[in-house]
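Asks: I'd like to ask you about the structure that follows.
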Amino acid sequence: MARRDPYVNSRFKLQLGNIQQASFSECTGFDATTDPIEYRNGDDPGTVRKQPGLTKYGNVTLKWGLTDSKVIWEWRKKILDGKTEEARINGSIIILDEEGNEKVQWDFINGWPSKYDPADLNAKGNDIAIETLEITHEGLIRAK
């Protein structure tokens with residue numbers, strides 16, 4: 001049987017519809033949670049039963065080093081301008097192996113930029129300026 005080592009969390013790429021962004025340094029928050037609904041049948045003396053309720057999806061948070069590219073800001077601006085349907089895109093978060101081959105993929109559905117946080121600035125520092133974007137979406141599928 002072939003050995004299957006876990007993939008490292010530093011080798012990934014994102015596909016955001018037709019948006020071309022060079023790279024992201026961090027991608028977090030893509031999760032799915034189903035709330036339990038507790039109930040009891042009328043003839044049950046005390047046994048609580050549980051069934052699945054609403055499924056909620058966490059916002060995908062992206063971070064990247066500030067450059068002169070405005071493509072992410074222009075996507076966010078569609079929401080600010082009220083063009084919500086135009087702003088919705090499907091995207092993918094893809095894990096790569098050591099050779100750069102695509103191995104694991106999650107797809108999100110109807111994503112739109114719900115929060116944009118420009119880089120914090122500090123005249124005393126020398127860190128890279130990091131921008132942050134949160135993408136709200138309506139579904140997460142493990143495609144690969």
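All residue names refer to the structure tokens as shown: chains lettered A, B, ... in order, residues numbered from 1 in each chain, ligands numbered from 1 in order.
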Please list as a ChimeraX atom specification every residue within 6 Å of A:Ala87, counting only C-alpha atoms and excluding residues in the same chain fewer than 3 positions away.

Replies: /A:78,84,112

Asks: For the residues in the current selection, export N, CA and C atoms as an mmCIF file, in the first residue's frame.

Replies:
data_model
loop_
_atom_site.group_PDB
_atom_site.id
_atom_site.type_symbol
_atom_site.label_atom_id
_atom_site.label_comp_id
_atom_site.auth_asym_id
_atom_site.auth_seq_id
_atom_site.Cartn_x
_atom_site.Cartn_y
_atom_site.Cartn_z
ATOM 1 N N LYS A 78 -18.217 46.526 -6.357
ATOM 2 C CA LYS A 78 -19.497 46.121 -6.949
ATOM 3 C C LYS A 78 -20.571 46.017 -5.872
ATOM 4 N N THR A 84 -25.009 43.597 -6.590
ATOM 5 C CA THR A 84 -24.778 42.379 -5.817
ATOM 6 C C THR A 84 -24.797 41.116 -6.670
ATOM 7 N N TRP A 112 -19.359 36.488 -2.369
ATOM 8 C CA TRP A 112 -19.265 37.931 -2.598
ATOM 9 C C TRP A 112 -18.467 38.556 -1.458
#

Asks: Determine, counting only C-alpha atoms, which protein, DNA and RNA residues have an atom within 10 Å of an atom of A:Asn18; residues of the same chain fewer than 3 positions away are not included. Present the result as a VMD selection string.

Replies: chain A and resid 15 21 89 to 91

Asks: Find the residues around stretch 48-50 of chain A up to 12 Å (only C-alpha atoms counted), leave out those fewer than 2 positions away in its own chain, and share them as a ChimeraX atom specification.

Replies: /A:34-46,52-53

Asks: For A:Leu121, find every residue with an atom within 12 Å (counting only C-alpha atoms), except residues of its own chain fewer than 5 positions away, and show them as a PyMOL selection string.

Replies: chain A and resi 66+126-131

Asks: Write out as number ranges by chain the set of residues from stretch 14-124 of chain A that DSSP, computed on the backbone, places in strand (DSSP E or B).

Replies: A: 14-16, 19, 26-28, 32-39, 49-57, 60-65, 89-96, 102-117

Asks: Considering only alpha helix (DSSP H) as DSSP defines it on the backbone, what residues of chain A qualify? List them as a PyMOL selection string.

Replies: chain A and resi 71-80+84-87

Asks: Dump C-alpha atoms for the selected residues as a short mmCIF file (atom, residue, chain, number, x, y, z; two decimals), in the first residue's frame?

Replies:
data_model
loop_
_atom_site.label_atom_id
_atom_site.label_comp_id
_atom_site.auth_asym_id
_atom_site.auth_seq_id
_atom_site.Cartn_x
_atom_site.Cartn_y
_atom_site.Cartn_z
CA VAL A 71 -8.73 43.90 -8.83
CA ILE A 72 -9.93 42.79 -5.36
CA TRP A 73 -11.01 46.33 -4.48
CA GLU A 74 -12.97 46.57 -7.77
CA TRP A 75 -14.75 43.34 -6.89
CA ARG A 76 -15.62 44.72 -3.43
CA LYS A 77 -16.78 48.00 -5.03
CA LYS A 78 -19.50 46.12 -6.95
CA ILE A 79 -21.16 45.42 -3.59
CA LEU A 80 -20.76 49.05 -2.50
CA THR A 84 -24.78 42.38 -5.82
CA GLU A 85 -25.74 39.81 -8.46
CA GLU A 86 -22.82 40.87 -10.66
CA ALA A 87 -20.47 40.50 -7.68
#

Asks: Considering only C-alpha atoms, return as JSON, numbers by chain whatever protein or nucleic-acid residues lie within 12 Å of A:Phe12, sequence-local ones (same chain, fewer than 3 positions apart) excluded.

Replies: {"A": [7, 8, 9, 15, 23, 24, 25, 26, 27, 28, 62, 92, 93, 94, 95, 96, 97, 98, 99, 100, 101, 102, 103, 104, 105, 106]}

Asks: Export C-alpha atoms of the chosen residues as a CSV table (one decimal), in the first residue's frame?

Replies:
chain,number,residue,atom,x,y,z
A,7,TYR,CA,-0.3,17.9,2.7
A,8,VAL,CA,1.3,21.0,4.1
A,9,ASN,CA,-0.9,24.1,4.7
A,15,GLN,CA,-9.5,30.5,-8.1
A,23,SER,CA,-1.1,35.2,-4.7
A,24,PHE,CA,-2.5,35.1,-1.2
A,25,SER,CA,-0.5,34.5,2.0
A,26,GLU,CA,-3.4,33.1,4.1
A,27,CYS,CA,-6.8,31.5,3.6
A,28,THR,CA,-9.0,30.7,6.6
A,62,LEU,CA,-8.0,35.9,2.5
A,92,SER,CA,-12.1,27.2,-5.4
A,93,ILE,CA,-9.5,26.7,-2.6
A,94,ILE,CA,-7.0,24.1,-3.9
A,95,ILE,CA,-4.2,22.3,-1.9
A,96,LEU,CA,-1.1,21.5,-3.8
A,97,ASP,CA,1.4,18.7,-3.2
A,98,GLU,CA,5.2,19.2,-3.1
A,99,GLU,CA,5.4,19.0,-6.9
A,100,GLY,CA,2.7,21.6,-7.4
A,101,ASN,CA,0.0,19.1,-8.4
A,102,GLU,CA,-3.6,19.9,-7.4
A,103,LYS,CA,-4.6,17.3,-4.7
A,104,VAL,CA,-7.5,18.6,-2.6
A,105,GLN,CA,-10.2,21.1,-3.7
A,106,TRP,CA,-13.1,22.9,-2.0

Asks: To one decimal place in Å, what is the distance between atom CA of A:Tyr116 and atom CA of A:Lys144?

Replies: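 Answer for the atom CA of A:Tyr116 to atom CA of A:Lys144 separation: 29.0 Å.
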
Asks: Find, counting only C-alpha atoms, the residue in A:Pro113, A:Asp107, A:Thr67, A:Thr47 that gets nearest to A:Arg142.

Replies: A:Asp107
